[in-house]
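Structure below is my_file_36.txt: compact mmCIF, C-alpha atoms.
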```txt
# COMPACT_ATOMS: atom_id res chain seq x y z
CA MET A 2 -13.19 -5.50 -9.74
CA ASP A 3 -15.52 -2.55 -9.20
CA ASN A 4 -16.27 -2.70 -12.94
CA ASP A 5 -15.75 1.04 -13.48
CA ASP A 6 -15.36 2.23 -17.07
CA LEU A 7 -12.65 4.82 -16.36
CA ARG A 8 -9.46 5.28 -14.37
CA ARG A 9 -7.50 8.54 -14.59
CA GLY A 10 -9.56 9.56 -17.60
CA LEU A 11 -8.75 6.42 -19.58
CA SER A 12 -10.72 3.27 -20.24
CA THR A 13 -10.03 0.60 -17.62
CA CYS A 14 -7.99 -2.37 -18.80
CA HIS A 15 -10.84 -4.87 -18.69
CA LYS A 16 -13.07 -2.50 -20.69
CA LYS A 17 -10.50 -1.60 -23.36
CA PHE A 18 -9.05 -5.08 -23.76
CA SER A 19 -10.69 -7.92 -21.83
CA GLU A 20 -11.20 -9.23 -18.31
CA ALA A 21 -8.59 -11.96 -18.88
CA THR A 22 -6.06 -9.36 -20.07
CA ALA A 23 -6.71 -7.22 -17.00
CA ILE A 24 -6.17 -10.17 -14.65
CA LEU A 25 -2.95 -11.15 -16.40
CA ALA A 26 -1.72 -7.54 -16.38
CA GLY A 27 -2.16 -7.46 -12.61
CA ASP A 28 -0.36 -10.79 -12.24
CA ALA A 29 2.48 -9.58 -14.46
CA LEU A 30 3.01 -6.30 -12.62
CA LEU A 31 3.01 -7.94 -9.20
CA THR A 32 5.43 -10.71 -10.10
CA HIS A 33 7.69 -8.34 -12.03
CA ALA A 34 8.08 -6.23 -8.89
CA PHE A 35 9.73 -9.16 -7.10
CA ASN A 36 11.94 -9.82 -10.10
CA ILE A 37 13.19 -6.22 -9.90
CA ILE A 38 13.83 -6.42 -6.15
CA SER A 39 15.73 -9.70 -6.52
CA GLN A 40 17.78 -8.40 -9.47
CA PRO A 41 17.87 -4.61 -8.98
CA GLU A 42 20.90 -4.16 -11.23
CA GLN A 43 18.46 -4.37 -14.15
CA VAL A 44 17.18 -0.91 -13.24
CA PHE A 45 19.22 0.66 -10.43
CA LYS A 46 22.85 1.60 -9.90
CA ILE A 47 22.53 1.74 -6.11
CA TYR A 48 20.44 -0.74 -4.11
CA PRO A 49 20.31 -2.49 -0.69
CA ASP A 50 22.31 -5.61 0.07
CA THR A 51 20.96 -9.11 -0.48
CA GLN A 52 19.67 -9.68 3.07
CA THR A 53 17.80 -6.39 3.05
CA ARG A 54 16.24 -7.20 -0.31
CA ILE A 55 15.08 -10.58 1.01
CA LYS A 56 13.43 -8.77 3.92
CA LEU A 57 11.77 -6.36 1.47
CA ILE A 58 10.42 -9.24 -0.60
CA SER A 59 9.04 -10.84 2.57
CA ARG A 60 7.33 -7.65 3.76
CA ILE A 61 5.90 -6.66 0.37
CA SER A 62 4.63 -10.15 -0.48
CA TRP A 63 2.94 -10.33 2.95
CA ALA A 64 1.29 -6.93 2.50
CA ALA A 65 0.08 -7.76 -1.00
CA GLY A 66 -1.04 -11.32 -0.31
CA ILE A 67 -3.70 -13.30 1.49
CA LYS A 68 -3.24 -11.46 4.79
CA GLY A 69 -3.10 -8.02 3.17
CA MET A 70 -4.37 -6.44 -0.03
CA VAL A 71 -5.89 -9.65 -1.43
CA GLU A 72 -7.82 -10.35 1.76
CA GLY A 73 -9.01 -6.74 1.93
CA GLN A 74 -10.16 -6.78 -1.67
CA MET A 75 -12.05 -10.04 -1.11
CA LEU A 76 -13.76 -8.64 1.98
CA ASP A 77 -14.64 -5.53 -0.01
CA MET A 78 -16.31 -7.60 -2.74
CA GLN A 79 -18.16 -9.68 -0.14
CA SER A 80 -19.40 -6.53 1.60
CA TYR A 81 -22.21 -6.14 -0.94
CA GLN A 82 -23.94 -9.14 0.67
CA SER A 83 -22.30 -8.91 4.10
CA GLU A 84 -24.28 -8.94 7.33
CA GLN A 85 -21.78 -6.35 8.59
CA ARG A 86 -22.72 -3.65 6.11
CA ASP A 87 -23.25 -1.13 8.92
CA ASN A 88 -20.23 -2.24 10.96
CA LEU A 89 -17.70 0.59 11.01
CA THR A 90 -15.02 -1.64 12.55
CA HIS A 91 -15.39 -4.12 9.69
CA LEU A 92 -15.14 -1.33 7.11
CA LYS A 93 -11.94 -0.07 8.74
CA LYS A 94 -10.53 -3.60 8.60
CA ILE A 95 -11.33 -3.89 4.89
CA HIS A 96 -9.45 -0.72 4.01
CA ALA A 97 -6.62 -1.23 6.48
CA LEU A 98 -5.94 -4.40 4.48
CA LYS A 99 -6.94 -3.39 0.97
CA THR A 100 -5.31 0.05 0.77
CA GLY A 101 -3.54 0.54 4.08
CA LYS A 102 -1.24 -2.48 3.87
CA MET A 103 0.25 -1.39 0.54
CA ILE A 104 0.74 2.22 1.61
CA THR A 105 2.24 1.06 4.90
CA VAL A 106 4.69 -1.34 3.28
CA SER A 107 5.72 1.34 0.79
CA VAL A 108 6.74 3.61 3.66
CA GLU A 109 8.23 0.74 5.65
CA ALA A 110 10.29 -0.46 2.68
CA GLY A 111 12.02 2.89 2.39
CA ALA A 112 12.99 2.80 6.05
CA ILE A 113 14.18 -0.80 5.84
CA SER A 114 16.25 -0.01 2.76
CA VAL A 115 18.33 2.55 4.67
CA ASP A 116 18.58 0.39 7.80
CA ALA A 117 16.42 2.66 9.98
CA ASP A 118 16.15 1.80 13.66
CA THR A 119 13.15 -0.08 15.08
CA GLU A 120 11.58 2.96 16.76
CA THR A 121 11.68 4.97 13.51
CA ILE A 122 10.11 2.12 11.55
CA GLU A 123 7.36 1.70 14.14
CA LYS A 124 6.51 5.41 13.98
CA LEU A 125 6.43 5.31 10.20
CA ILE A 126 4.16 2.26 10.22
CA ILE A 127 1.67 4.08 12.47
CA TYR A 128 1.85 7.17 10.22
CA ALA A 129 1.33 5.11 7.08
CA GLY A 130 -1.59 3.15 8.52
CA LYS A 131 -3.41 6.37 9.33
CA ILE A 132 -2.85 8.03 5.96
CA GLY A 133 -3.79 4.76 4.25
CA LEU A 134 -7.18 4.74 5.96
CA ALA A 135 -7.58 8.48 5.36
CA PHE A 136 -6.92 7.89 1.65
CA GLN A 137 -9.91 5.57 1.48
CA VAL A 138 -12.18 7.88 3.49
CA ALA A 139 -11.21 10.68 1.08
CA ASP A 140 -11.99 8.39 -1.86
CA ASP A 141 -15.47 7.73 -0.47
CA ILE A 142 -16.03 11.48 -0.05
CA LEU A 143 -14.81 12.24 -3.57
CA ASN A 144 -17.21 9.65 -4.96
CA ILE A 145 -20.00 11.86 -3.63
CA GLU A 146 -18.60 15.37 -4.13
CA GLY A 147 -15.86 14.97 -6.73
CA ASP A 148 -15.90 16.27 -10.30
CA PRO A 149 -15.68 13.32 -12.73
CA LYS A 150 -13.76 15.47 -15.22
CA ILE A 151 -11.05 16.18 -12.65
CA MET A 152 -11.04 12.72 -11.08
CA GLY A 153 -10.92 10.90 -14.40
CA LYS A 154 -13.52 8.41 -13.20
CA ALA A 155 -17.22 8.31 -12.44
CA ALA A 156 -18.72 9.90 -9.33
CA GLY A 157 -21.80 8.65 -7.50
CA SER A 158 -21.09 4.99 -8.27
CA ASP A 159 -20.82 3.99 -4.61
CA ALA A 160 -24.38 5.03 -3.82
CA LEU A 161 -25.64 3.61 -7.12
CA ASN A 162 -24.08 0.25 -6.32
CA ASP A 163 -25.11 0.43 -2.64
CA LYS A 164 -21.46 0.07 -1.64
CA MET A 165 -20.30 -0.09 1.98
CA THR A 166 -18.56 3.27 2.55
CA PHE A 167 -17.72 5.65 5.38
CA PRO A 168 -20.36 8.25 4.36
CA ALA A 169 -22.96 5.50 4.10
CA ILE A 170 -22.27 4.44 7.69
CA ILE A 171 -21.35 7.64 9.57
CA GLY A 172 -22.49 10.35 7.15
CA LEU A 173 -20.59 12.78 4.94
CA ALA A 174 -19.82 15.42 7.57
CA GLU A 175 -18.51 12.87 10.08
CA SER A 176 -16.44 11.22 7.35
CA LYS A 177 -14.71 14.55 6.67
CA LYS A 178 -13.99 14.99 10.38
CA TYR A 179 -12.67 11.45 10.63
CA ALA A 180 -10.37 11.88 7.63
CA LYS A 181 -8.96 15.09 9.11
CA LYS A 182 -8.36 13.45 12.49
CA LEU A 183 -6.51 10.57 10.83
CA ILE A 184 -4.25 13.01 8.99
CA ASP A 185 -3.68 15.15 12.09
CA ASP A 186 -2.77 12.04 14.09
CA ALA A 187 -0.46 10.81 11.33
CA ILE A 188 1.42 14.12 11.24
CA GLU A 189 1.69 14.18 15.02
CA THR A 190 3.18 10.67 14.97
CA ILE A 191 6.14 11.85 12.87
CA SER A 192 6.59 15.21 14.62
CA GLN A 193 9.89 14.10 16.16
CA PHE A 194 11.49 13.85 12.71
CA ASP A 195 11.34 17.63 12.23
CA GLU A 196 12.30 18.87 8.73
CA LYS A 197 13.22 15.36 7.60
CA ALA A 198 9.51 14.55 7.55
CA VAL A 199 8.48 17.47 5.32
CA PRO A 200 7.74 15.17 2.32
CA LEU A 201 5.69 12.85 4.54
CA ARG A 202 3.65 15.78 5.87
CA ALA A 203 3.10 16.95 2.29
CA ILE A 204 1.81 13.51 1.31
CA ALA A 205 -0.54 13.46 4.30
CA ASN A 206 -1.93 16.90 3.49
CA TYR A 207 -2.32 15.98 -0.18
CA ILE A 208 -4.49 13.00 0.77
CA ILE A 209 -6.95 15.17 2.68
CA ASN A 210 -7.00 18.03 0.14
CA ARG A 211 -6.87 16.14 -3.18
CA ASP A 212 -9.58 16.47 -5.81
CA HIS A 213 -8.82 13.27 -7.68
```

Representation of the structure as structure tokens:
Amino acid sequence: MDNDDLRRGLSTCHKKFSEATAILAGDALLTHAFNIISQPEQVFKIYPDTQTRIKLISRISWAAGIKGMVEGQMLDMQSYQSEQRDNLTHLKKIHALKTGKMITVSVEAGAISVDADTETIEKLIIYAGKIGLAFQVADDILNIEGDPKIMGKAAGSDALNDKMTFPAIIGLAESKKYAKKLIDDAIETISQFDEKAVPLRAIANYIINRDH
């Protein structure tokens, strides 16, 4: 949808094949995910019970659908002509939906799968929401400072396309501070989990320190 030529150093699907193929590939991957959850024995030897899997399907479909990723992506595309181009709150909403919902439900799904208690799930949702937003802030920063050879995609395209980004609204330096605060807050949210949260802390730190 951003019409970039490259992703991870390879030609994007719509460039290498066709726009129709890219759309159908997205449709296929999304629907196949629900097929796997509903019939996990195709792939997995151990999996949650039926009621838990129904809950997972409900949560993931909600996060991916019209009140989640799809809505966020639509708002992102509309932002090129939006009257809210300088509205930081609106930009946060876009990415909380577009990127944040899918990262959040990924973390939430793991907790649901092992029947975690409500308090644990709530903490993990807060953590995931913060790293999800930080991921996008970091993406905006990399689009300015990143090395295209390392990132595997073009840099500078956001400014060229006059895209609504965090650096465009609050500046590059403030964007870096904001990303760090989000990560610090995310890590603090899961501090009670001690060594069990080591992988989650590693993910959070990767988001803020990544170069691609």

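Remark: for Arg9 (chain A), the closest of the candidate residues A:Met103, A:Ile95, A:Ala64, A:Ala155 is A:Ala155 (distances computed over all atoms listed in the file).
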
Would you mind listing what lies within 10 Å of Gln137 (chain A) as a PDB file with C-alpha atoms, in the frame of the given file, with only C-alpha atoms counted and same-chain residues fewer than 2 positions away left out?
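Produced file around-v6.pdb, reproduced below:
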```
ATOM      1  CA  LYS A  93     -11.940  -0.070   8.740  1.00  0.00           C
ATOM      2  CA  HIS A  96      -9.450  -0.720   4.010  1.00  0.00           C
ATOM      3  CA  ALA A  97      -6.620  -1.230   6.480  1.00  0.00           C
ATOM      4  CA  LYS A  99      -6.940  -3.390   0.970  1.00  0.00           C
ATOM      5  CA  THR A 100      -5.310   0.050   0.770  1.00  0.00           C
ATOM      6  CA  GLY A 101      -3.540   0.540   4.080  1.00  0.00           C
ATOM      7  CA  ILE A 132      -2.850   8.030   5.960  1.00  0.00           C
ATOM      8  CA  GLY A 133      -3.790   4.760   4.250  1.00  0.00           C
ATOM      9  CA  LEU A 134      -7.180   4.740   5.960  1.00  0.00           C
ATOM     10  CA  ALA A 135      -7.580   8.480   5.360  1.00  0.00           C
ATOM     11  CA  ALA A 139     -11.210  10.680   1.080  1.00  0.00           C
ATOM     12  CA  ASP A 140     -11.990   8.390  -1.860  1.00  0.00           C
ATOM     13  CA  ASP A 141     -15.470   7.730  -0.470  1.00  0.00           C
ATOM     14  CA  ILE A 142     -16.030  11.480  -0.050  1.00  0.00           C
ATOM     15  CA  LEU A 143     -14.810  12.240  -3.570  1.00  0.00           C
ATOM     16  CA  THR A 166     -18.560   3.270   2.550  1.00  0.00           C
ATOM     17  CA  PHE A 167     -17.720   5.650   5.380  1.00  0.00           C
ATOM     18  CA  ALA A 180     -10.370  11.880   7.630  1.00  0.00           C
ATOM     19  CA  ILE A 208      -4.490  13.000   0.770  1.00  0.00           C
TER      20      ILE A 208
END
```

Residues of region 96-165 of chain A within 10 Å of region 192-207 of chain A: nearest atom pair and distance (Å, one decimal) for each, counting all atoms listed in the file, sorted by chain and number, as JSON lines?
```
{"residue": "A:Val108", "atom": "CA", "partner": "A:Leu201", "partner_atom": "CA", "distance": 9.3}
{"residue": "A:Thr121", "atom": "CA", "partner": "A:Phe194", "partner_atom": "CA", "distance": 8.9}
{"residue": "A:Lys124", "atom": "CA", "partner": "A:Gln193", "partner_atom": "CA", "distance": 9.6}
{"residue": "A:Leu125", "atom": "CA", "partner": "A:Leu201", "partner_atom": "CA", "distance": 9.5}
{"residue": "A:Tyr128", "atom": "CA", "partner": "A:Leu201", "partner_atom": "CA", "distance": 8.9}
{"residue": "A:Ala129", "atom": "CA", "partner": "A:Ala205", "partner_atom": "CA", "distance": 9.0}
{"residue": "A:Lys131", "atom": "CA", "partner": "A:Ala205", "partner_atom": "CA", "distance": 9.2}
{"residue": "A:Ile132", "atom": "CA", "partner": "A:Ala205", "partner_atom": "CA", "distance": 6.1}
{"residue": "A:Gly133", "atom": "CA", "partner": "A:Ala205", "partner_atom": "CA", "distance": 9.3}
{"residue": "A:Ala135", "atom": "CA", "partner": "A:Ala205", "partner_atom": "CA", "distance": 8.7}
{"residue": "A:Phe136", "atom": "CA", "partner": "A:Ala205", "partner_atom": "CA", "distance": 8.9}
```

Q: Using only C-alpha atoms, determine which residues lie at most 9 Å from Glu72 (chain A), disregarding the query and same-chain residues fewer than 5 positions distant; provide the list as a ChimeraX atom specification.
A: /A:65-67,77,95,98-99

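For the set A:Lys177, A:His15, A:Lys94, A:His213, the residue with the smallest atom-to-atom gap to Gly130 (chain A) is A:Lys94, counting all atoms listed in the file.
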
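Minimum distance to Gly69 (chain A) across A:Thr105, A:Gln85, A:Ala187, A:Arg54 (counting only C-alpha atoms) occurs at A:Thr105.
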
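Note that the spacing between CA of Asp28 (chain A) and CA of Ile122 (chain A) amounts to 29.0 Å.
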
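For Gly157 (chain A), the set of protein, DNA and RNA residues having any atom at most 9 Å away, when counting all atoms listed in the file and skipping those fewer than 2 positions along the same chain, is Leu143, Asn144, Ile145, Glu146, Gly147, Ala155, Asp159, Ala160, Leu161 and Asn162 of chain A.
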
**Q.** Separation of CA of Ala117 (chain A) from CA of His33 (chain A), in Å and rounded to one decimal
**A.** 26.1 Å

Q. Suppose you want the space between CA of Ala23 (chain A) and CA of Asp5 (chain A); what is it in Å?
A. 12.7 Å

Q.
Need the shell around Thr51 (chain A): protein/DNA/RNA residues with any atom at most 10 Å away, counting all atoms listed in the file. Skip same-chain ones fewer than 3 positions apart. Format as a PyMOL selection string?
A. chain A and resi 38-40+48+54-57

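Distance check against His91 (chain A) using all atoms listed in the file: of A:Ile104, A:Leu76, A:Ile151, A:Val115, the minimum falls on A:Leu76.
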
Q | From A:Ile61, A:Ala169, A:Ala156, A:Ala174, residue lying nearest Asp212 (chain A) [only C-alpha atoms] | A | A:Ala156

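Between Leu92 (chain A) and the candidates A:Lys16, A:Lys46, A:Lys178, A:Lys164, the tightest atom-to-atom separation, counting only C-alpha atoms, involves A:Lys164.
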
Subset file: region 24-58 of chain A, N, CA and C atoms, as a PDB file, in the first residue's frame:
```pdb
ATOM      1  N   ILE A  24      -2.648  -8.622  -3.331  1.00  0.00           N
ATOM      2  CA  ILE A  24      -3.891  -8.572  -2.553  1.00  0.00           C
ATOM      3  C   ILE A  24      -4.338  -9.985  -2.187  1.00  0.00           C
ATOM      4  N   LEU A  25      -4.310 -10.881  -3.163  1.00  0.00           N
ATOM      5  CA  LEU A  25      -4.743 -12.255  -2.914  1.00  0.00           C
ATOM      6  C   LEU A  25      -3.795 -12.987  -1.959  1.00  0.00           C
ATOM      7  N   ALA A  26      -2.506 -12.665  -2.021  1.00  0.00           N
ATOM      8  CA  ALA A  26      -1.540 -13.275  -1.100  1.00  0.00           C
ATOM      9  C   ALA A  26      -1.861 -12.867   0.335  1.00  0.00           C
ATOM     10  N   GLY A  27      -2.199 -11.591   0.527  1.00  0.00           N
ATOM     11  CA  GLY A  27      -2.588 -11.124   1.854  1.00  0.00           C
ATOM     12  C   GLY A  27      -3.858 -11.801   2.341  1.00  0.00           C
ATOM     13  N   ASP A  28      -4.832 -11.910   1.452  1.00  0.00           N
ATOM     14  CA  ASP A  28      -6.085 -12.592   1.802  1.00  0.00           C
ATOM     15  C   ASP A  28      -5.816 -14.043   2.188  1.00  0.00           C
ATOM     16  N   ALA A  29      -4.970 -14.700   1.420  1.00  0.00           N
ATOM     17  CA  ALA A  29      -4.683 -16.116   1.650  1.00  0.00           C
ATOM     18  C   ALA A  29      -3.982 -16.345   2.989  1.00  0.00           C
ATOM     19  N   LEU A  30      -3.002 -15.516   3.292  1.00  0.00           N
ATOM     20  CA  LEU A  30      -2.259 -15.679   4.541  1.00  0.00           C
ATOM     21  C   LEU A  30      -3.153 -15.442   5.756  1.00  0.00           C
ATOM     22  N   LEU A  31      -4.001 -14.416   5.675  1.00  0.00           N
ATOM     23  CA  LEU A  31      -4.862 -14.097   6.804  1.00  0.00           C
ATOM     24  C   LEU A  31      -5.885 -15.203   7.049  1.00  0.00           C
ATOM     25  N   THR A  32      -6.530 -15.662   5.998  1.00  0.00           N
ATOM     26  CA  THR A  32      -7.540 -16.706   6.175  1.00  0.00           C
ATOM     27  C   THR A  32      -6.911 -18.039   6.564  1.00  0.00           C
ATOM     28  N   HIS A  33      -5.720 -18.311   6.059  1.00  0.00           N
ATOM     29  CA  HIS A  33      -5.055 -19.573   6.399  1.00  0.00           C
ATOM     30  C   HIS A  33      -4.699 -19.612   7.893  1.00  0.00           C
ATOM     31  N   ALA A  34      -4.421 -18.458   8.470  1.00  0.00           N
ATOM     32  CA  ALA A  34      -4.112 -18.407   9.900  1.00  0.00           C
ATOM     33  C   ALA A  34      -5.276 -18.959  10.720  1.00  0.00           C
ATOM     34  N   PHE A  35      -6.497 -18.595  10.357  1.00  0.00           N
ATOM     35  CA  PHE A  35      -7.666 -19.077  11.103  1.00  0.00           C
ATOM     36  C   PHE A  35      -7.925 -20.556  10.844  1.00  0.00           C
ATOM     37  N   ASN A  36      -7.568 -21.010   9.658  1.00  0.00           N
ATOM     38  CA  ASN A  36      -7.672 -22.440   9.376  1.00  0.00           C
ATOM     39  C   ASN A  36      -6.731 -23.236  10.277  1.00  0.00           C
ATOM     40  N   ILE A  37      -5.532 -22.712  10.478  1.00  0.00           N
ATOM     41  CA  ILE A  37      -4.548 -23.394  11.335  1.00  0.00           C
ATOM     42  C   ILE A  37      -5.008 -23.402  12.794  1.00  0.00           C
ATOM     43  N   ILE A  38      -5.542 -22.262  13.263  1.00  0.00           N
ATOM     44  CA  ILE A  38      -6.001 -22.208  14.652  1.00  0.00           C
ATOM     45  C   ILE A  38      -7.170 -23.168  14.879  1.00  0.00           C
ATOM     46  N   SER A  39      -8.065 -23.254  13.892  1.00  0.00           N
ATOM     47  CA  SER A  39      -9.241 -24.115  14.053  1.00  0.00           C
ATOM     48  C   SER A  39      -8.902 -25.592  13.895  1.00  0.00           C
ATOM     49  N   GLN A  40      -7.827 -25.900  13.158  1.00  0.00           N
ATOM     50  CA  GLN A  40      -7.406 -27.284  12.973  1.00  0.00           C
ATOM     51  C   GLN A  40      -5.896 -27.406  13.212  1.00  0.00           C
ATOM     52  N   PRO A  41      -5.450 -27.153  14.432  1.00  0.00           N
ATOM     53  CA  PRO A  41      -4.014 -27.075  14.732  1.00  0.00           C
ATOM     54  C   PRO A  41      -3.269 -28.391  14.541  1.00  0.00           C
ATOM     55  N   GLU A  42      -4.001 -29.511  14.536  1.00  0.00           N
ATOM     56  CA  GLU A  42      -3.342 -30.803  14.372  1.00  0.00           C
ATOM     57  C   GLU A  42      -2.635 -30.935  13.024  1.00  0.00           C
ATOM     58  N   GLN A  43      -2.953 -30.032  12.087  1.00  0.00           N
ATOM     59  CA  GLN A  43      -2.262 -30.018  10.801  1.00  0.00           C
ATOM     60  C   GLN A  43      -0.770 -29.714  10.972  1.00  0.00           C
ATOM     61  N   VAL A  44      -0.467 -28.926  12.012  1.00  0.00           N
ATOM     62  CA  VAL A  44       0.884 -28.401  12.185  1.00  0.00           C
ATOM     63  C   VAL A  44       1.491 -28.759  13.535  1.00  0.00           C
ATOM     64  N   PHE A  45       0.670 -28.739  14.589  1.00  0.00           N
ATOM     65  CA  PHE A  45       1.183 -28.860  15.952  1.00  0.00           C
ATOM     66  C   PHE A  45       0.796 -30.184  16.619  1.00  0.00           C
ATOM     67  N   LYS A  46       1.648 -30.618  17.523  1.00  0.00           N
ATOM     68  CA  LYS A  46       1.355 -31.806  18.329  1.00  0.00           C
ATOM     69  C   LYS A  46       0.657 -31.429  19.639  1.00  0.00           C
ATOM     70  N   ILE A  47       0.963 -30.240  20.134  1.00  0.00           N
ATOM     71  CA  ILE A  47       0.352 -29.749  21.369  1.00  0.00           C
ATOM     72  C   ILE A  47      -0.326 -28.414  21.063  1.00  0.00           C
ATOM     73  N   TYR A  48      -1.562 -28.246  21.518  1.00  0.00           N
ATOM     74  CA  TYR A  48      -2.294 -27.009  21.236  1.00  0.00           C
ATOM     75  C   TYR A  48      -3.414 -26.820  22.257  1.00  0.00           C
ATOM     76  N   PRO A  49      -3.925 -25.598  22.410  1.00  0.00           N
ATOM     77  CA  PRO A  49      -4.976 -25.320  23.401  1.00  0.00           C
ATOM     78  C   PRO A  49      -6.274 -26.050  23.070  1.00  0.00           C
ATOM     79  N   ASP A  50      -7.158 -26.118  24.066  1.00  0.00           N
ATOM     80  CA  ASP A  50      -8.440 -26.781  23.846  1.00  0.00           C
ATOM     81  C   ASP A  50      -9.336 -25.949  22.928  1.00  0.00           C
ATOM     82  N   THR A  51     -10.473 -26.533  22.562  1.00  0.00           N
ATOM     83  CA  THR A  51     -11.355 -25.905  21.573  1.00  0.00           C
ATOM     84  C   THR A  51     -11.847 -24.533  22.015  1.00  0.00           C
ATOM     85  N   GLN A  52     -12.283 -24.390  23.260  1.00  0.00           N
ATOM     86  CA  GLN A  52     -12.807 -23.110  23.736  1.00  0.00           C
ATOM     87  C   GLN A  52     -11.743 -22.024  23.714  1.00  0.00           C
ATOM     88  N   THR A  53     -10.530 -22.391  24.060  1.00  0.00           N
ATOM     89  CA  THR A  53      -9.431 -21.417  24.029  1.00  0.00           C
ATOM     90  C   THR A  53      -9.139 -21.000  22.600  1.00  0.00           C
ATOM     91  N   ARG A  54      -9.187 -21.945  21.688  1.00  0.00           N
ATOM     92  CA  ARG A  54      -8.915 -21.621  20.280  1.00  0.00           C
ATOM     93  C   ARG A  54     -10.007 -20.712  19.698  1.00  0.00           C
ATOM     94  N   ILE A  55     -11.238 -20.921  20.122  1.00  0.00           N
ATOM     95  CA  ILE A  55     -12.322 -20.031  19.687  1.00  0.00           C
ATOM     96  C   ILE A  55     -12.064 -18.609  20.190  1.00  0.00           C
ATOM     97  N   LYS A  56     -11.612 -18.501  21.421  1.00  0.00           N
ATOM     98  CA  LYS A  56     -11.285 -17.184  21.987  1.00  0.00           C
ATOM     99  C   LYS A  56     -10.138 -16.539  21.211  1.00  0.00           C
ATOM    100  N   LEU A  57      -9.133 -17.342  20.840  1.00  0.00           N
ATOM    101  CA  LEU A  57      -8.013 -16.822  20.055  1.00  0.00           C
ATOM    102  C   LEU A  57      -8.481 -16.316  18.697  1.00  0.00           C
ATOM    103  N   ILE A  58      -9.346 -17.066  18.051  1.00  0.00           N
ATOM    104  CA  ILE A  58      -9.878 -16.643  16.752  1.00  0.00           C
ATOM    105  C   ILE A  58     -10.628 -15.327  16.894  1.00  0.00           C
TER     106      ILE A  58
END
```
